[in-house]
>>> print(open('my_file.cif').read())   # mmCIF, C-alpha atoms
data_entry
loop_
_atom_site.label_atom_id
_atom_site.label_comp_id
_atom_site.auth_asym_id
_atom_site.auth_seq_id
_atom_site.Cartn_x
_atom_site.Cartn_y
_atom_site.Cartn_z
CA MET V 1 131.01 98.96 62.99
CA ALA V 2 127.41 99.00 64.25
CA GLU V 3 126.41 96.55 61.51
CA ASP V 4 129.13 94.16 62.66
CA LEU V 5 127.99 94.33 66.30
CA PHE V 6 124.26 94.22 65.55
CA PRO V 7 123.91 92.42 62.20
CA HIS V 8 120.22 91.57 62.64
CA LEU V 9 119.07 94.81 64.19
CA HIS V 10 116.69 97.22 62.47
CA TRP V 11 116.68 100.47 64.42
CA ASP V 12 113.33 101.57 63.02
CA ARG V 13 111.76 98.48 64.61
CA VAL V 14 113.52 99.24 67.91
CA PHE V 15 112.15 102.79 67.90
CA ALA V 16 108.65 101.58 67.02
CA ALA V 17 108.77 98.93 69.76
CA THR V 18 110.04 101.50 72.28
CA GLN V 19 107.17 103.84 71.40
CA GLU V 20 104.69 101.00 71.91
CA THR V 21 106.20 100.14 75.30
CA LEU V 22 106.09 103.79 76.39
CA TYR V 23 102.51 104.08 75.10
CA MET V 24 101.35 101.03 77.05
CA THR V 25 103.19 102.12 80.19
CA ALA V 26 101.96 105.72 80.08
CA LEU V 27 98.28 105.03 79.43
CA SER V 28 98.04 102.13 81.85
CA GLY V 29 100.06 104.16 84.37
CA VAL V 30 97.57 107.06 84.30
CA ALA V 31 94.60 104.71 84.65
CA THR V 32 96.36 102.75 87.40
CA PHE V 33 97.11 105.96 89.30
CA ILE V 34 93.47 107.08 89.21
CA LEU V 35 91.97 103.67 90.04
CA GLY V 36 94.64 102.93 92.62
CA ILE V 37 94.00 106.21 94.42
CA ALA V 38 90.23 105.53 94.41
CA LEU V 39 90.61 101.96 95.68
CA GLY V 40 93.24 102.96 98.24
CA LEU V 41 91.02 105.72 99.60
CA ALA V 42 88.08 103.30 99.78
CA LEU V 43 90.21 100.83 101.72
CA PHE V 44 91.51 103.52 104.08
CA LEU V 45 88.14 105.15 104.77
CA THR V 46 86.24 101.89 105.34
CA ALA V 47 88.96 100.17 107.38
CA ARG V 48 88.70 99.71 111.13
CA GLY V 49 89.01 103.13 112.72
CA GLY V 50 88.41 104.89 109.39
CA LEU V 51 85.97 107.74 108.81
CA PHE V 52 83.42 105.38 107.26
CA GLN V 53 84.31 102.17 109.05
CA ASN V 54 82.46 99.32 107.38
CA ARG V 55 83.81 95.83 107.93
CA ILE V 56 81.75 94.20 105.17
CA LEU V 57 82.57 96.80 102.51
CA TYR V 58 86.24 96.81 103.48
CA SER V 59 86.36 93.00 103.32
CA VAL V 60 84.78 92.96 99.85
CA ILE V 61 87.13 95.61 98.43
CA SER V 62 90.12 93.99 100.12
CA LEU V 63 89.20 90.56 98.73
CA VAL V 64 88.89 91.89 95.16
CA VAL V 65 92.21 93.74 95.48
CA ASN V 66 93.98 90.68 96.88
CA ILE V 67 92.63 88.36 94.19
CA PHE V 68 93.70 90.49 91.22
CA ARG V 69 96.98 91.42 92.88
CA SER V 70 97.85 87.75 93.40
CA ILE V 71 97.12 86.39 89.92
CA PRO V 72 100.34 86.03 87.87
CA PHE V 73 100.22 88.57 85.07
CA ILE V 74 100.66 86.12 82.21
CA ILE V 75 97.66 84.15 83.51
CA LEU V 76 95.66 87.35 83.99
CA ILE V 77 96.15 88.23 80.32
CA VAL V 78 94.69 84.87 79.29
CA LEU V 79 91.77 85.16 81.72
CA LEU V 80 90.90 88.62 80.38
CA ILE V 81 90.99 87.64 76.69
CA PRO V 82 87.15 87.56 76.34
CA PHE V 83 86.82 90.91 78.15
CA THR V 84 89.66 92.44 76.12
CA LYS V 85 88.19 91.26 72.82
CA ALA V 86 84.75 92.65 73.75
CA LEU V 87 86.24 95.98 74.86
CA VAL V 88 88.97 96.57 72.29
CA GLY V 89 87.85 94.29 69.46
CA THR V 90 91.15 92.42 69.25
CA ILE V 91 93.60 90.56 71.46
CA LEU V 92 96.66 91.75 69.54
CA GLY V 93 98.49 95.06 69.66
CA ALA V 94 99.31 97.65 72.32
CA ASN V 95 95.70 98.64 72.99
CA ALA V 96 94.76 95.01 73.68
CA ALA V 97 97.32 94.89 76.49
CA LEU V 98 95.88 97.90 78.34
CA PRO V 99 92.97 96.17 80.17
CA ALA V 100 95.25 93.46 81.60
CA LEU V 101 97.94 96.01 82.51
CA ILE V 102 95.45 98.18 84.37
CA VAL V 103 93.65 95.31 86.11
CA GLY V 104 96.99 93.82 87.13
CA ALA V 105 98.60 97.03 88.41
CA ALA V 106 95.74 99.03 89.97
CA PRO V 107 95.16 96.63 92.92
CA PHE V 108 98.90 96.54 93.57
CA TYR V 109 99.07 100.33 93.69
CA ALA V 110 95.86 100.49 95.79
CA ARG V 111 97.62 98.66 98.61
CA LEU V 112 100.55 101.08 98.42
CA VAL V 113 98.08 103.99 98.58
CA GLU V 114 96.37 102.49 101.63
CA ILE V 115 99.73 102.12 103.38
CA ALA V 116 100.69 105.70 102.48
CA LEU V 117 97.41 107.10 103.83
CA ARG V 118 97.84 105.23 107.11
CA GLU V 119 101.11 107.09 107.63
CA VAL V 120 99.36 110.49 107.63
CA ASP V 121 99.40 112.09 111.08
CA LYS V 122 96.07 111.29 112.74
CA GLY V 123 96.26 114.57 114.64
CA VAL V 124 96.12 116.51 111.38
CA ILE V 125 93.12 114.47 110.25
CA GLU V 126 91.27 115.00 113.52
CA ALA V 127 92.05 118.74 113.50
CA THR V 128 90.66 119.04 109.97
CA ARG V 129 87.51 117.12 110.91
CA SER V 130 86.98 119.22 114.04
CA MET V 131 86.86 122.34 111.87
CA GLY V 132 83.92 120.86 109.99
CA ALA V 133 85.80 120.18 106.77
CA ARG V 134 83.96 118.26 104.08
CA LEU V 135 85.18 114.87 102.90
CA SER V 136 86.47 116.34 99.63
CA THR V 137 88.49 118.90 101.59
CA LEU V 138 89.90 116.20 103.83
CA ILE V 139 90.93 114.08 100.85
CA PHE V 140 92.34 116.76 98.54
CA ARG V 141 93.74 119.17 101.14
CA VAL V 142 95.03 116.76 103.79
CA LEU V 143 95.22 113.06 102.93
CA LEU V 144 96.64 113.23 99.40
CA PRO V 145 99.03 116.18 99.95
CA GLU V 146 100.38 114.75 103.23
CA SER V 147 100.96 111.34 101.69
CA SER V 148 102.21 112.62 98.32
CA PRO V 149 105.88 111.50 98.73
CA ALA V 150 104.78 107.93 99.45
CA LEU V 151 102.20 108.08 96.64
CA VAL V 152 104.82 109.14 94.12
CA SER V 153 107.24 106.52 95.39
CA GLY V 154 104.48 103.92 95.04
CA ILE V 155 103.53 104.91 91.49
CA THR V 156 107.22 104.82 90.56
CA VAL V 157 107.44 101.20 91.69
CA THR V 158 104.15 100.46 89.89
CA LEU V 159 105.31 102.04 86.62
CA ILE V 160 108.43 99.89 86.69
CA ALA V 161 106.22 96.85 87.23
CA LEU V 162 104.10 97.98 84.26
CA VAL V 163 107.19 98.08 82.03
CA SER V 164 107.85 94.48 83.06
CA TYR V 165 104.19 93.55 82.49
CA SER V 166 104.23 95.15 79.04
CA ALA V 167 107.27 93.03 78.13
CA MET V 168 105.39 89.89 79.17
CA ALA V 169 102.33 91.01 77.21
CA GLY V 170 104.56 91.44 74.17
CA VAL V 171 105.32 87.73 74.19
CA ILE V 172 101.68 86.96 73.30
CA GLY V 173 101.35 89.65 70.65
CA ALA V 174 100.88 92.97 72.44
CA GLY V 175 103.82 94.59 70.68
CA GLY V 176 106.54 96.63 72.32
CA LEU V 177 110.06 95.69 73.30
CA GLY V 178 108.99 92.36 74.79
CA ASN V 179 107.50 91.34 71.48
CA LEU V 180 110.64 92.46 69.65
CA ALA V 181 112.92 90.55 72.04
CA TYR V 182 110.83 87.38 71.75
CA LEU V 183 109.91 87.26 68.06
CA GLU V 184 112.91 88.94 66.48
CA GLY V 185 115.46 87.94 69.08
CA PHE V 186 114.70 84.69 70.87
CA GLN V 187 112.73 82.79 68.23
CA ARG V 188 115.16 83.66 65.45
CA ASN V 189 118.21 83.27 67.69
CA HIS V 190 119.24 86.90 67.08
CA ASN V 191 121.00 87.63 70.35
CA ASP V 192 121.88 91.18 69.31
CA VAL V 193 118.18 92.08 69.02
CA THR V 194 117.42 90.54 72.41
CA LEU V 195 120.33 92.44 73.96
CA VAL V 196 119.29 95.84 72.57
CA ALA V 197 115.65 95.32 73.54
CA THR V 198 116.70 94.36 77.08
CA VAL V 199 119.05 97.32 77.45
CA THR V 200 116.33 99.68 76.18
CA ILE V 201 113.91 98.34 78.80
CA LEU V 202 116.57 98.86 81.49
CA VAL V 203 117.11 102.46 80.35
CA ILE V 204 113.36 103.14 80.57
CA VAL V 205 113.29 101.65 84.08
CA PHE V 206 116.28 103.72 85.21
CA ILE V 207 114.70 106.91 83.87
CA ILE V 208 111.39 106.20 85.64
CA GLN V 209 113.21 105.46 88.91
CA PHE V 210 115.35 108.60 88.64
CA CYS V 211 112.35 110.85 87.93
CA GLY V 212 110.38 109.23 90.75
CA ASP V 213 113.22 109.73 93.24
CA VAL V 214 113.61 113.39 92.27
CA ILE V 215 109.89 114.15 92.59
CA THR V 216 109.67 112.25 95.90
CA SER V 217 112.57 114.22 97.37
CA LEU V 218 110.98 117.51 96.24
CA LEU V 219 107.65 116.62 97.88
CA ASP V 220 109.15 115.24 101.10
CA LYS V 221 108.97 118.00 103.74
CA ARG V 222 110.88 116.08 106.38
#
>>> encode(input="my_file.cif", output="structure tokens")
Amino acid sequence: MAEDLFPHLHWDRVFAATQETLYMTALSGVATFILGIALGLALFLTARGGLFQNRILYSVISLVVNIFRSIPFIILIVLLIPFTKALVGTILGANAALPALIVGAAPFYARLVEIALREVDKGVIEATRSMGARLSTLIFRVLLPESSPALVSGITVTLIALVSYSAMAGVIGAGGLGNLAYLEGFQRNHNDVTLVATVTILVIVFIIQFCGDVITSLLDKR
């Protein structure tokens, strides 16, 4: 029955492609989370009214974030080919997609982090500062914990975007479900392969969204 419905489908290739998609999403997601938090904190602290208000530094960071956030991902991959080849040694495969995935997603998440930090009660921040707390204490004991629901919600949205980015990267040889859907499905006119690859991507997205919603609700104290 399955062979009649999916005559061109090889499940071992689907599993391999799914693993590659999960690999790209997980590694780039961790790097995006770390870089996004760092950039978001830099934007928040140097913004007008921030602890280290610095208009020039804020403008520079904001400009870099806006530039990389605005470049369409498929164009970003092409622009980063020389950098990717120098860093990874190849422009094909899952590892070759990581630099573009991180550079494309980290600025996007940084803006979400900045927005989340701005929602932290200023009274709590001022009370912490008045007690002589160090910057590290303020960041790790106040800012990040107080904004954690919004941070998790933001990284959930970003991870879903990364799944989409990884599918686009697959079209130019990065592997994963996007590569399977394009090479095995679209180019060979095997609609069953395209369908299964698409459904698998949707399942991954639904799982990420569900997990993100659960964690956000657990962290939300309101």
>>> closest_residue(input="my_file.cif", among="V:Pro107, V:Pro99, V:Pro149, V:Gly212", to="Thr84 in chain V", atoms="only C-alpha atoms")
V:Pro99
>>> closest_residue(input="my_file.cif", among="V:Leu63, V:Ala110, V:Leu87, V:Met168", to="Leu35 in chain V", atoms="all atoms listed in the file")
V:Ala110
>>> resolve_selection(input="my_file.cif", expression="the PyMOL selection byres ((chain V and resi 24) around 9)", output="number ranges by chain")
V: 19-23, 25-29, 94-95, 97-98, 101, 162-163, 166, 176
>>> resolve_selection(input="my_file.cif", expression="the PyMOL selection byres ((chain V and resi 171) around 12)", output="PyMOL selection string")
chain V and resi 74+77+92-94+97+164-170+172-187
>>> atom_distance(input="my_file.cif", atom1="CA of Leu43 in chain V", atom2="CA of Arg111 in chain V")
8.3 Å
>>> closest_residue(input="my_file.cif", among="V:Ala150, V:Ala161, V:Ile71, V:Leu51", to="Ala105 in chain V", atoms="all atoms listed in the file")
V:Ala161
>>> residues_around(input="my_file.cif", residues="Leu138 in chain V", least_positions_apart="6", cutoff="10 Å", atoms="all atoms listed in the file", output="list in words")
Val124, Ile125, Glu126, Thr128, Arg129, Gly132, Leu144 and Pro145 of chain V
>>> atom_distance(input="my_file.cif", atom1="CA of Leu112 in chain V", atom2="CA of Ile204 in chain V")
22.1 Å
>>> atom_distance(input="my_file.cif", atom1="CA of Ala133 in chain V", atom2="CA of Asp121 in chain V")
16.4 Å
>>> closest_residue(input="my_file.cif", among="V:Thr137, V:Ser148, V:Thr90, V:Thr18", to="Leu117 in chain V", atoms="only C-alpha atoms")
V:Ser148
>>> closest_residue(input="my_file.cif", among="V:Ser147, V:Thr156, V:Ser136, V:Gln53", to="Asp213 in chain V", atoms="only C-alpha atoms")
V:Thr156
>>> closest_residue(input="my_file.cif", among="V:Thr198, V:Ala127, V:Phe33, V:Ala100", to="Leu80 in chain V", atoms="all atoms listed in the file")
V:Ala100
>>> resolve_selection(input="my_file.cif", expression="the PyMOL selection byres ((chain V and resi 196) around 10)", output="list in words")
Phe6, Leu9, Trp11, Val14, Leu177, Leu180, Ala181, Gly185, Asn191, Asp192, Val193, Thr194, Leu195, Ala197, Thr198, Val199, Thr200, Ile201 and Leu202 of chain V
>>> decode(input="my_file.cif", residues="range 152-171 of chain V", atoms="N, CA and C atoms", output="PDB file, in the first residue's frame")
ATOM      1  N   VAL V 152      12.336  32.929  25.329  1.00  0.00           N
ATOM      2  CA  VAL V 152      11.999  31.588  24.833  1.00  0.00           C
ATOM      3  C   VAL V 152      11.027  31.681  23.664  1.00  0.00           C
ATOM      4  N   SER V 153      10.052  32.570  23.790  1.00  0.00           N
ATOM      5  CA  SER V 153       9.112  32.773  22.689  1.00  0.00           C
ATOM      6  C   SER V 153       9.841  33.254  21.438  1.00  0.00           C
ATOM      7  N   GLY V 154      10.822  34.137  21.632  1.00  0.00           N
ATOM      8  CA  GLY V 154      11.602  34.648  20.509  1.00  0.00           C
ATOM      9  C   GLY V 154      12.455  33.583  19.855  1.00  0.00           C
ATOM     10  N   ILE V 155      13.112  32.744  20.668  1.00  0.00           N
ATOM     11  CA  ILE V 155      13.965  31.703  20.076  1.00  0.00           C
ATOM     12  C   ILE V 155      13.110  30.637  19.396  1.00  0.00           C
ATOM     13  N   THR V 156      11.877  30.454  19.861  1.00  0.00           N
ATOM     14  CA  THR V 156      10.962  29.524  19.191  1.00  0.00           C
ATOM     15  C   THR V 156      10.657  30.001  17.777  1.00  0.00           C
ATOM     16  N   VAL V 157      10.326  31.285  17.656  1.00  0.00           N
ATOM     17  CA  VAL V 157      10.074  31.872  16.341  1.00  0.00           C
ATOM     18  C   VAL V 157      11.320  31.775  15.460  1.00  0.00           C
ATOM     19  N   THR V 158      12.486  32.020  16.065  1.00  0.00           N
ATOM     20  CA  THR V 158      13.746  31.990  15.315  1.00  0.00           C
ATOM     21  C   THR V 158      14.083  30.584  14.850  1.00  0.00           C
ATOM     22  N   LEU V 159      13.853  29.585  15.691  1.00  0.00           N
ATOM     23  CA  LEU V 159      14.114  28.198  15.296  1.00  0.00           C
ATOM     24  C   LEU V 159      13.235  27.779  14.124  1.00  0.00           C
ATOM     25  N   ILE V 160      11.991  28.224  14.138  1.00  0.00           N
ATOM     26  CA  ILE V 160      11.095  27.920  13.018  1.00  0.00           C
ATOM     27  C   ILE V 160      11.604  28.583  11.742  1.00  0.00           C
ATOM     28  N   ALA V 161      12.104  29.822  11.886  1.00  0.00           N
ATOM     29  CA  ALA V 161      12.699  30.503  10.730  1.00  0.00           C
ATOM     30  C   ALA V 161      13.930  29.742  10.239  1.00  0.00           C
ATOM     31  N   LEU V 162      14.707  29.184  11.169  1.00  0.00           N
ATOM     32  CA  LEU V 162      15.903  28.421  10.791  1.00  0.00           C
ATOM     33  C   LEU V 162      15.547  27.150  10.023  1.00  0.00           C
ATOM     34  N   VAL V 163      14.451  26.517  10.386  1.00  0.00           N
ATOM     35  CA  VAL V 163      13.994  25.346   9.626  1.00  0.00           C
ATOM     36  C   VAL V 163      13.704  25.753   8.186  1.00  0.00           C
ATOM     37  N   SER V 164      13.027  26.897   8.044  1.00  0.00           N
ATOM     38  CA  SER V 164      12.737  27.421   6.704  1.00  0.00           C
ATOM     39  C   SER V 164      14.019  27.776   5.962  1.00  0.00           C
ATOM     40  N   TYR V 165      14.959  28.425   6.660  1.00  0.00           N
ATOM     41  CA  TYR V 165      16.241  28.782   6.046  1.00  0.00           C
ATOM     42  C   TYR V 165      17.003  27.535   5.591  1.00  0.00           C
ATOM     43  N   SER V 166      16.978  26.494   6.430  1.00  0.00           N
ATOM     44  CA  SER V 166      17.710  25.268   6.091  1.00  0.00           C
ATOM     45  C   SER V 166      17.122  24.616   4.843  1.00  0.00           C
ATOM     46  N   ALA V 167      15.799  24.744   4.672  1.00  0.00           N
ATOM     47  CA  ALA V 167      15.163  24.209   3.461  1.00  0.00           C
ATOM     48  C   ALA V 167      15.631  24.970   2.224  1.00  0.00           C
ATOM     49  N   MET V 168      15.748  26.304   2.361  1.00  0.00           N
ATOM     50  CA  MET V 168      16.247  27.105   1.239  1.00  0.00           C
ATOM     51  C   MET V 168      17.711  26.779   0.943  1.00  0.00           C
ATOM     52  N   ALA V 169      18.493  26.583   1.998  1.00  0.00           N
ATOM     53  CA  ALA V 169      19.904  26.235   1.815  1.00  0.00           C
ATOM     54  C   ALA V 169      20.046  24.897   1.110  1.00  0.00           C
ATOM     55  N   GLY V 170      19.090  23.997   1.354  1.00  0.00           N
ATOM     56  CA  GLY V 170      19.133  22.688   0.714  1.00  0.00           C
ATOM     57  C   GLY V 170      19.019  22.759  -0.791  1.00  0.00           C
ATOM     58  N   VAL V 171      18.358  23.799  -1.283  1.00  0.00           N
ATOM     59  CA  VAL V 171      18.180  23.945  -2.723  1.00  0.00           C
ATOM     60  C   VAL V 171      19.522  24.145  -3.427  1.00  0.00           C
TER      61      VAL V 171
END
